[in-house]
Amino acid sequence: MKYTLITTALLSFALTVGSTAGAAPPPNIVLIMADDMGYGDAGCYNANSKIPTRNIDRLAKEGMRFTDAHSPAALCVQTRYGLMTGRYPFRAKTTLVNYDGLTVASLLKRAGYATGCVGKWHLGFDNKGYDKPLGGGPVANGFDKFFGIPASLDIPPYYYIENDRAVAAPSETIAANNSTGWSPIQGAFWRKGGVAPGFRHVDVLPKFAEKSVAFIDDQAKTAVEKPFFLYLALPAPHTPWMPLKKYLGKSKAGMYGDFAVQVDDVVGDVLNALDRHNLTKNTLVIFTSDNGPVWFAADVKRLGHASVGPLRGMKADAWEGGHRMPFIARWPGQIEAQSTCEETICLTDMLATFAAVTKQKLPASDGLDSYDITPLLLGHDHDSPFREATIHQSGRRVLAVRSGKWKLIPALGSGGFSKPSKVKPKPGGPRGQLYDMDADLGETKNLWSEHPEIVKRLTGLLEGYRKAGRSAPVR
């Protein structure tokens with residue numbers, strides 16, 4: 001088994017999923033997802049990080065740190081679809097407008113939770129006019145309350161939404177903002193487009209911290225009788241990198257690092273709010289990211305900071321830097337402090353996991369690619385490897401497959417932002433990539449030609465997942 005075992009005393013106290021006698025009350029759940037934060041940014045994942053992350057590191061110290069957790073895709077929208085639905089994004093349109101299945105929010109709402117979403121939605125709205133309800137968003141998909149923005153902060157229009165209404169219409173126009181000293185898609189970058197009167201990009205992250213704390217303050221009044229779920233979808237450290245003045249120089253990784261320090265402080269605001277209301281003990285907090293960073297080799301050389309740590313690639317890539325994510329879970333008394341899990345998991349697993357935590361059975365049609373990871377969280381015995389396979393989708397829609405220690409990418413190149421994105425096979429040479437992830441985490445040695453039998457097996461496995469209606473075990 002590839003995780004740190006919980007002590008016997010803790011095991012006897014831990015929640016037994018499905019039991020009724022003496023079971024602990026269902027926990028509050030706080031899911032914090034950073035945007036474009038790399039595997040190697042937080043100190044608890046990278047001892048050589050140039051970014052101080054005391055609050056994320058606190059979570060790791062008080063909970064379980066996963067070292068092989070993945071987003072279902074290496075881009076924002078697709079990952080959010082997988083997180084919400086428990087389905088790989090290649091199976092459907094990556095929008096939740098008119099989606100009729102369970103989401104993590106509607107699942108928890110069905111269990112009696114108060115559900116709130118703060119931050120970046122990026123899963124579509126049915127916009128029939130800014131003076132009318134914006135359909136298909138969070139409140140149409142299981143959230144009681146929403147305060148946020150429609151998409152990334154570099155994609156217009158720029159305006160706030162509360163529940164299903166625009167706070168103010170994006171009736172004005174803002175010019176594009178381009179960074180200096182970085183690539184065109186880094187720095188304080190955003191595109192030209194519509195903007196609401198008074199909307200300032202620099203205010204958004206502090207506003208979301210304020211709204212998240214306010215949600216916890218409000219729910220604390222009734223949390224004993226009615227648990228809550230907060231999904232905080234941070235818009236950072238995605239561009240535009242706009243750290244407040246007090247964060248300038250707080251890292252040694254430039255404006256990106258300073259902005260990541262501000263992100264860490266938002267995590268701290270949420271943890272402090274839980275502490276203040278004595279909610280920490282019965283709250284499951286999860287911190288993760290949606291995909292890798294936009295961080296080039298030149299950035300590593302110039303600043304000495306490897307945003308993806310020992311991994312290869314970056315955002316959008318089929319390589320690990322695109323989709324291997326920080327993932328930390330804390331639930332005092334249930335999850336052992338300072339523990340580590342090396343099993344492969346995916347953000348699609350949240351739906352089945354939350355169902356198990358709240359003692360619900362998922363319908364067969366929901367969560368097709370979602371595995372219940374509570375045995376890992378609680379230190380219970382389980383089969384290893386935990387998953388038969390995990391599918392990774394790159395920015396150019398290359399589907400890679402991971403099974404055990406082996407990873408197959410059925411193409412040459414990164415499949416994403418790193419150059420070259422696509423490489424034409426040479427006669428007699430490998431037509432794709434095969435890596436032993438136990439021996440070669442940095443994906444430096446392509447073993448495609450050395451192991452044709454493994455290439456054949458994984459190719460068949462991937463094709464089966466592409467065609468199959470489900471991939472998770474029968475529940």
# chains A, B, ... in the order shown; residues from 1 in each chain; ligands from 1
call {"tool": "residues_around", "arguments": {"residues": "Ser49 in chain A", "least_positions_apart": "5", "cutoff": "7 Å", "atoms": "only C-alpha atoms", "output": "PyMOL selection string"}}
result
chain A and resi 40-43+305
call {"tool": "closest_atom_pairs", "arguments": {"of": "range 135-231 of chain A", "to": "range 105-129 of chain A", "cutoff": "8 Å", "atoms": "only C-alpha atoms", "output": "Markdown table"}}
result
| residue | atom | partner | partner_atom | distance |
| --- | --- | --- | --- | --- |
| A:Gly135 | CA | A:Asp126 | CA | 4.6 |
| A:Gly136 | CA | A:Phe125 | CA | 5.0 |
| A:Gly137 | CA | A:Phe125 | CA | 5.2 |
| A:Pro138 | CA | A:Cys117 | CA | 7.1 |
| A:Asn141 | CA | A:Ser106 | CA | 6.2 |
| A:Gly142 | CA | A:Ser106 | CA | 3.8 |
| A:Phe143 | CA | A:Thr115 | CA | 4.9 |
| A:Asp144 | CA | A:Thr115 | CA | 5.2 |
| A:Lys145 | CA | A:Gly116 | CA | 4.8 |
| A:Phe146 | CA | A:Cys117 | CA | 4.7 |
| A:Phe147 | CA | A:Val118 | CA | 5.0 |
| A:Gly148 | CA | A:Gly119 | CA | 4.3 |
| A:Ile149 | CA | A:Lys120 | CA | 5.1 |
| A:Pro150 | CA | A:Trp121 | CA | 5.4 |
| A:Ala151 | CA | A:His122 | CA | 4.2 |
| A:Ser152 | CA | A:Lys120 | CA | 6.6 |
| A:Phe208 | CA | A:Gly119 | CA | 6.1 |
| A:Lys211 | CA | A:Val118 | CA | 7.0 |
| A:Ser212 | CA | A:Val118 | CA | 6.4 |
| A:Phe215 | CA | A:Gly116 | CA | 7.4 |
| A:Gln219 | CA | A:Ala114 | CA | 7.8 |
| A:Lys226 | CA | A:Tyr113 | CA | 6.0 |
| A:Pro227 | CA | A:Tyr113 | CA | 5.1 |
| A:Phe228 | CA | A:Ala114 | CA | 4.5 |
| A:Phe229 | CA | A:Thr115 | CA | 4.8 |
| A:Leu230 | CA | A:Gly116 | CA | 4.9 |
| A:Tyr231 | CA | A:Cys117 | CA | 4.8 |
call {"tool": "closest_residue", "arguments": {"among": "A:Lys445, A:Pro243, A:Tyr158, A:Met37", "to": "Arg200 in chain A", "atoms": "only C-alpha atoms"}}
result
A:Tyr158
call {"tool": "residues_around", "arguments": {"residues": "range 282-298 of chain A", "least_positions_apart": "3", "cutoff": "7 Å", "atoms": "only C-alpha atoms", "output": "ChimeraX atom specification"}}
result
/A:27-38,71,74-76,79,279,301-302,307,314-315,321-323,325-331
call {"tool": "write_last_selection", "arguments": {"atoms": "N, CA, C and O atoms", "output": "compact mmCIF listing (two decimals), in the first residue's frame"}}
result
# COMPACT_ATOMS: atom_id res chain seq x y z
N PRO A 27 -19.40 16.03 7.37
CA PRO A 27 -18.54 17.22 7.52
C PRO A 27 -18.97 18.34 6.60
O PRO A 27 -19.57 18.12 5.54
N ASN A 28 -18.66 19.56 7.00
CA ASN A 28 -18.66 20.64 6.03
C ASN A 28 -17.55 20.34 5.02
O ASN A 28 -16.57 19.67 5.35
N ILE A 29 -17.70 20.83 3.81
CA ILE A 29 -16.69 20.58 2.78
C ILE A 29 -16.30 21.91 2.14
O ILE A 29 -17.18 22.67 1.71
N VAL A 30 -15.03 22.20 2.13
CA VAL A 30 -14.49 23.38 1.46
C VAL A 30 -13.50 22.90 0.41
O VAL A 30 -12.51 22.25 0.74
N LEU A 31 -13.79 23.20 -0.84
CA LEU A 31 -12.92 22.81 -1.95
C LEU A 31 -12.35 24.08 -2.57
O LEU A 31 -13.09 24.90 -3.15
N ILE A 32 -11.04 24.26 -2.43
CA ILE A 32 -10.36 25.44 -2.97
C ILE A 32 -9.55 24.99 -4.18
O ILE A 32 -8.67 24.14 -4.07
N MET A 33 -9.85 25.58 -5.33
CA MET A 33 -9.10 25.24 -6.53
C MET A 33 -8.40 26.47 -7.07
O MET A 33 -9.05 27.44 -7.50
N ALA A 34 -7.07 26.45 -7.02
CA ALA A 34 -6.29 27.53 -7.62
C ALA A 34 -6.35 27.40 -9.14
O ALA A 34 -6.75 26.37 -9.68
N ASP A 35 -5.94 28.44 -9.82
CA ASP A 35 -6.01 28.49 -11.27
C ASP A 35 -4.59 28.64 -11.83
O ASP A 35 -3.93 29.65 -11.57
N ASP A 36 -4.12 27.63 -12.56
CA ASP A 36 -2.79 27.66 -13.18
C ASP A 36 -1.67 27.67 -12.14
O ASP A 36 -0.62 28.29 -12.35
N MET A 37 -1.83 26.98 -11.03
CA MET A 37 -0.77 26.89 -10.02
C MET A 37 -0.03 25.59 -10.21
O MET A 37 -0.63 24.52 -10.30
N GLY A 38 1.29 25.66 -10.26
CA GLY A 38 2.10 24.50 -10.59
C GLY A 38 2.33 23.54 -9.44
O GLY A 38 2.24 23.90 -8.26
N SER A 71 -5.48 16.56 -12.68
CA SER A 71 -6.69 17.12 -13.26
C SER A 71 -7.05 16.27 -14.48
O SER A 71 -6.16 15.67 -15.08
N ALA A 74 -5.59 19.44 -19.09
CA ALA A 74 -4.53 20.41 -18.84
C ALA A 74 -4.96 21.84 -19.15
O ALA A 74 -4.14 22.72 -19.29
N LEU A 75 -6.28 22.05 -19.26
CA LEU A 75 -6.85 23.38 -19.47
C LEU A 75 -8.03 23.60 -18.51
O LEU A 75 -8.65 22.64 -18.03
N CYS A 76 -8.35 24.89 -18.30
CA CYS A 76 -9.32 25.30 -17.27
C CYS A 76 -10.70 24.69 -17.44
O CYS A 76 -11.24 24.06 -16.53
N THR A 79 -11.16 20.81 -17.16
CA THR A 79 -10.97 20.33 -15.79
C THR A 79 -12.18 20.63 -14.92
O THR A 79 -12.62 19.79 -14.14
N LEU A 279 -15.05 25.44 13.49
CA LEU A 279 -15.55 24.53 12.47
C LEU A 279 -14.45 23.64 11.88
O LEU A 279 -14.73 22.76 11.06
N LYS A 301 15.28 29.46 -15.74
CA LYS A 301 16.67 29.91 -15.81
C LYS A 301 16.85 31.29 -15.19
O LYS A 301 17.81 31.54 -14.46
N ARG A 302 15.92 32.18 -15.48
CA ARG A 302 16.06 33.57 -15.03
C ARG A 302 15.82 33.73 -13.53
O ARG A 302 16.49 34.51 -12.86
N SER A 307 8.36 26.00 -11.49
CA SER A 307 6.95 26.04 -11.10
C SER A 307 6.30 24.66 -11.13
O SER A 307 5.35 24.41 -10.40
N MET A 314 4.17 22.11 -19.06
CA MET A 314 3.42 23.17 -18.39
C MET A 314 1.95 23.07 -18.81
O MET A 314 1.52 22.05 -19.36
N LYS A 315 1.21 24.12 -18.54
CA LYS A 315 -0.21 24.16 -18.88
C LYS A 315 -0.45 23.70 -20.32
O LYS A 315 0.32 24.03 -21.22
N GLY A 321 3.64 18.11 -16.26
CA GLY A 321 3.51 19.49 -15.81
C GLY A 321 2.19 20.13 -16.17
O GLY A 321 1.79 21.13 -15.57
N GLY A 322 1.49 19.54 -17.14
CA GLY A 322 0.20 20.08 -17.54
C GLY A 322 -0.95 19.69 -16.64
O GLY A 322 -1.93 20.42 -16.53
N HIS A 323 -0.84 18.51 -15.98
CA HIS A 323 -2.02 17.99 -15.29
C HIS A 323 -1.75 17.33 -13.94
O HIS A 323 -2.70 16.98 -13.24
N MET A 325 -1.20 17.67 -10.28
CA MET A 325 -1.56 18.82 -9.47
C MET A 325 -1.24 18.63 -7.99
O MET A 325 -1.25 17.51 -7.48
N PRO A 326 -1.01 19.75 -7.28
CA PRO A 326 -1.03 19.64 -5.82
C PRO A 326 -2.43 19.23 -5.40
O PRO A 326 -3.43 19.68 -5.99
N PHE A 327 -2.54 18.38 -4.42
CA PHE A 327 -3.84 17.97 -3.88
C PHE A 327 -3.62 17.64 -2.42
O PHE A 327 -2.90 16.69 -2.08
N ILE A 328 -4.23 18.43 -1.56
CA ILE A 328 -4.08 18.27 -0.11
C ILE A 328 -5.47 18.18 0.50
O ILE A 328 -6.36 18.97 0.15
N ALA A 329 -5.67 17.22 1.39
CA ALA A 329 -6.95 17.05 2.08
C ALA A 329 -6.72 17.06 3.58
O ALA A 329 -5.86 16.32 4.10
N ARG A 330 -7.50 17.87 4.28
CA ARG A 330 -7.42 17.93 5.75
C ARG A 330 -8.79 17.71 6.35
O ARG A 330 -9.77 18.35 5.96
N TRP A 331 -8.86 16.79 7.30
CA TRP A 331 -10.10 16.53 8.05
C TRP A 331 -9.66 16.01 9.41
O TRP A 331 -9.46 14.81 9.60
call {"tool": "residues_around", "arguments": {"residues": "range 337-348 of chain A", "least_positions_apart": "2", "cutoff": "8 Å", "atoms": "only C-alpha atoms", "output": "number ranges by chain"}}
result
A: 2-5, 60-72, 79, 82-88, 330, 332, 335, 350-351, 367, 369-371, 373, 376, 384-387, 390
call {"tool": "residues_around", "arguments": {"residues": "Trp448 in chain A", "least_positions_apart": "3", "cutoff": "8 Å", "atoms": "only C-alpha atoms", "output": "list in words"}}
result
Pro430, Arg431, Gly432, Gln433, Leu434, Tyr435, His451, Pro452 and Val455 of chain A
call {"tool": "select_by_dssp", "arguments": {"residues": "range 421-452 of chain A", "states": "strand (DSSP E)", "output": "list of chain:residue names"}}
result
A:Gln433, A:Leu434, A:Tyr435, A:Asp436
call {"tool": "write_last_selection", "arguments": {"atoms": "N, CA, C and O atoms", "output": "short mmCIF file (atom, residue, chain, number, x, y, z; two decimals), in the first residue's frame"}}
result
data_model
loop_
_atom_site.label_atom_id
_atom_site.label_comp_id
_atom_site.auth_asym_id
_atom_site.auth_seq_id
_atom_site.Cartn_x
_atom_site.Cartn_y
_atom_site.Cartn_z
N GLN A 433 4.74 8.13 -27.26
CA GLN A 433 5.63 8.19 -26.11
C GLN A 433 5.16 7.22 -25.03
O GLN A 433 3.96 7.12 -24.75
N LEU A 434 6.11 6.53 -24.42
CA LEU A 434 5.84 5.62 -23.31
C LEU A 434 6.85 5.90 -22.22
O LEU A 434 8.07 5.90 -22.47
N TYR A 435 6.35 6.14 -21.00
CA TYR A 435 7.24 6.47 -19.89
C TYR A 435 6.94 5.58 -18.68
O TYR A 435 5.79 5.25 -18.40
N ASP A 436 8.01 5.22 -17.99
CA ASP A 436 7.93 4.54 -16.70
C ASP A 436 7.93 5.63 -15.63
O ASP A 436 8.99 6.18 -15.30
#
call {"tool": "residues_around", "arguments": {"residues": "Leu153 in chain A", "least_positions_apart": "2", "cutoff": "12 Å", "atoms": "only C-alpha atoms", "output": "VMD selection string"}}
result
chain A and resid 35 119 to 122 148 to 151 155 to 160 176 to 177 188 to 195 199 to 205 234 to 242
call {"tool": "atom_distance", "arguments": {"atom1": "CA of Ser418 in chain A", "atom2": "CA of Trp182 in chain A"}}
result
15.7 Å
call {"tool": "closest_residue", "arguments": {"among": "A:Gly395, A:Gly460, A:Gly249, A:Pro310", "to": "Ala47 in chain A", "atoms": "only C-alpha atoms"}}
result
A:Pro310
call {"tool": "select_by_dssp", "arguments": {"residues": "range 121-370 of chain A", "states": "alpha helix (DSSP H)", "output": "count of residues only"}}
result
54
call {"tool": "atom_distance", "arguments": {"atom1": "CA of Ala73 in chain A", "atom2": "CA of Arg396 in chain A"}}
result
10.4 Å
call {"tool": "atom_distance", "arguments": {"atom1": "CA of Gly404 in chain A", "atom2": "CA of Leu458 in chain A"}}
result
10.7 Å
call {"tool": "closest_residue", "arguments": {"among": "A:Lys422, A:Arg466, A:Lys50, A:Arg402", "to": "Ala306 in chain A", "atoms": "only C-alpha atoms"}}
result
A:Lys50
call {"tool": "decode", "arguments": {"residues": "range 379-394 of chain A", "atoms": "all heavy atoms", "output": "compact mmCIF listing (two decimals), in the first residue's frame"}}
result
# COMPACT_ATOMS: atom_id res chain seq x y z
N GLY A 379 -7.24 5.88 5.32
CA GLY A 379 -6.23 4.89 5.63
C GLY A 379 -6.74 3.47 5.65
O GLY A 379 -6.14 2.60 6.29
N HIS A 380 -7.84 3.19 4.96
CA HIS A 380 -8.39 1.84 4.91
C HIS A 380 -7.65 0.99 3.89
O HIS A 380 -7.06 1.51 2.94
CB HIS A 380 -9.88 1.89 4.57
CG HIS A 380 -10.71 2.54 5.62
ND1 HIS A 380 -12.04 2.85 5.44
CD2 HIS A 380 -10.41 2.96 6.89
CE1 HIS A 380 -12.52 3.42 6.52
NE2 HIS A 380 -11.55 3.50 7.41
N ASP A 381 -7.71 -0.32 4.06
CA ASP A 381 -7.12 -1.22 3.08
C ASP A 381 -7.82 -1.06 1.73
O ASP A 381 -9.02 -0.81 1.66
CB ASP A 381 -7.25 -2.68 3.54
CG ASP A 381 -6.34 -2.98 4.72
OD1 ASP A 381 -5.33 -2.28 4.88
OD2 ASP A 381 -6.66 -3.91 5.48
N HIS A 382 -7.06 -1.24 0.66
CA HIS A 382 -7.62 -1.11 -0.68
C HIS A 382 -6.73 -1.85 -1.66
O HIS A 382 -5.58 -2.19 -1.35
CB HIS A 382 -7.72 0.36 -1.09
CG HIS A 382 -6.38 1.00 -1.30
ND1 HIS A 382 -5.59 1.43 -0.25
CD2 HIS A 382 -5.66 1.26 -2.44
CE1 HIS A 382 -4.46 1.94 -0.73
NE2 HIS A 382 -4.48 1.85 -2.05
N ASP A 383 -7.28 -2.11 -2.81
CA ASP A 383 -6.48 -2.72 -3.87
C ASP A 383 -5.49 -1.69 -4.41
O ASP A 383 -5.79 -0.50 -4.51
CB ASP A 383 -7.37 -3.20 -5.02
CG ASP A 383 -8.27 -4.36 -4.61
OD1 ASP A 383 -7.86 -5.11 -3.69
OD2 ASP A 383 -9.36 -4.50 -5.18
N SER A 384 -4.32 -2.13 -4.76
CA SER A 384 -3.32 -1.24 -5.35
C SER A 384 -2.82 -1.86 -6.65
O SER A 384 -2.52 -3.05 -6.69
CB SER A 384 -2.14 -1.06 -4.38
OG SER A 384 -1.24 -0.10 -4.85
N PRO A 385 -2.78 -1.13 -7.76
CA PRO A 385 -3.12 0.29 -7.87
C PRO A 385 -4.61 0.55 -7.69
O PRO A 385 -5.44 -0.31 -7.99
CB PRO A 385 -2.67 0.66 -9.28
CG PRO A 385 -2.73 -0.62 -10.04
CD PRO A 385 -2.34 -1.68 -9.06
N PHE A 386 -4.91 1.73 -7.19
CA PHE A 386 -6.28 2.08 -6.83
C PHE A 386 -7.19 2.19 -8.04
O PHE A 386 -8.35 1.82 -8.00
CB PHE A 386 -6.24 3.40 -6.06
CG PHE A 386 -7.56 3.80 -5.44
CD1 PHE A 386 -8.08 3.09 -4.38
CD2 PHE A 386 -8.26 4.89 -5.93
CE1 PHE A 386 -9.28 3.45 -3.80
CE2 PHE A 386 -9.45 5.26 -5.36
CZ PHE A 386 -9.96 4.54 -4.29
N ARG A 387 -6.67 2.72 -9.12
CA ARG A 387 -7.43 2.89 -10.37
C ARG A 387 -6.85 1.98 -11.44
O ARG A 387 -5.64 1.80 -11.52
CB ARG A 387 -7.33 4.34 -10.87
CG ARG A 387 -7.77 5.40 -9.90
CD ARG A 387 -7.38 6.78 -10.44
NE ARG A 387 -8.11 7.12 -11.64
CZ ARG A 387 -9.27 7.78 -11.65
NH1 ARG A 387 -9.81 8.16 -10.50
NH2 ARG A 387 -9.89 8.06 -12.79
N GLU A 388 -7.70 1.44 -12.26
CA GLU A 388 -7.23 0.68 -13.42
C GLU A 388 -6.43 1.58 -14.34
O GLU A 388 -5.37 1.23 -14.84
CB GLU A 388 -8.40 0.07 -14.18
CG GLU A 388 -7.97 -0.67 -15.44
CD GLU A 388 -9.12 -0.98 -16.38
OE1 GLU A 388 -9.99 -0.10 -16.58
OE2 GLU A 388 -9.14 -2.10 -16.92
N ALA A 389 -6.95 2.79 -14.58
CA ALA A 389 -6.29 3.73 -15.48
C ALA A 389 -6.83 5.13 -15.23
O ALA A 389 -7.90 5.30 -14.65
CB ALA A 389 -6.51 3.33 -16.94
N THR A 390 -6.08 6.11 -15.69
CA THR A 390 -6.49 7.51 -15.62
C THR A 390 -6.21 8.13 -16.98
O THR A 390 -5.13 7.93 -17.55
CB THR A 390 -5.72 8.27 -14.53
OG1 THR A 390 -5.89 7.58 -13.28
CG2 THR A 390 -6.24 9.69 -14.38
N ILE A 391 -7.17 8.90 -17.48
CA ILE A 391 -7.03 9.53 -18.79
C ILE A 391 -6.69 11.01 -18.61
O ILE A 391 -7.28 11.70 -17.79
CB ILE A 391 -8.33 9.39 -19.62
CG1 ILE A 391 -8.81 7.95 -19.64
CG2 ILE A 391 -8.11 9.93 -21.04
CD1 ILE A 391 -7.83 6.97 -20.24
N HIS A 392 -5.71 11.48 -19.40
CA HIS A 392 -5.29 12.87 -19.36
C HIS A 392 -5.55 13.50 -20.72
O HIS A 392 -5.14 12.96 -21.75
CB HIS A 392 -3.80 12.99 -19.04
CG HIS A 392 -3.34 12.18 -17.88
ND1 HIS A 392 -3.90 12.28 -16.62
CD2 HIS A 392 -2.35 11.25 -17.77
CE1 HIS A 392 -3.28 11.45 -15.80
NE2 HIS A 392 -2.34 10.81 -16.48
N GLN A 393 -6.20 14.66 -20.74
CA GLN A 393 -6.49 15.35 -22.00
C GLN A 393 -5.64 16.60 -22.11
O GLN A 393 -5.64 17.45 -21.22
CB GLN A 393 -7.97 15.71 -22.09
CG GLN A 393 -8.36 16.44 -23.37
CD GLN A 393 -9.86 16.62 -23.50
OE1 GLN A 393 -10.63 15.73 -23.17
NE2 GLN A 393 -10.27 17.79 -23.97
N SER A 394 -4.92 16.74 -23.22
CA SER A 394 -4.07 17.92 -23.41
C SER A 394 -4.84 19.04 -24.09
O SER A 394 -5.99 18.87 -24.51
CB SER A 394 -2.84 17.55 -24.26
OG SER A 394 -3.17 17.52 -25.63
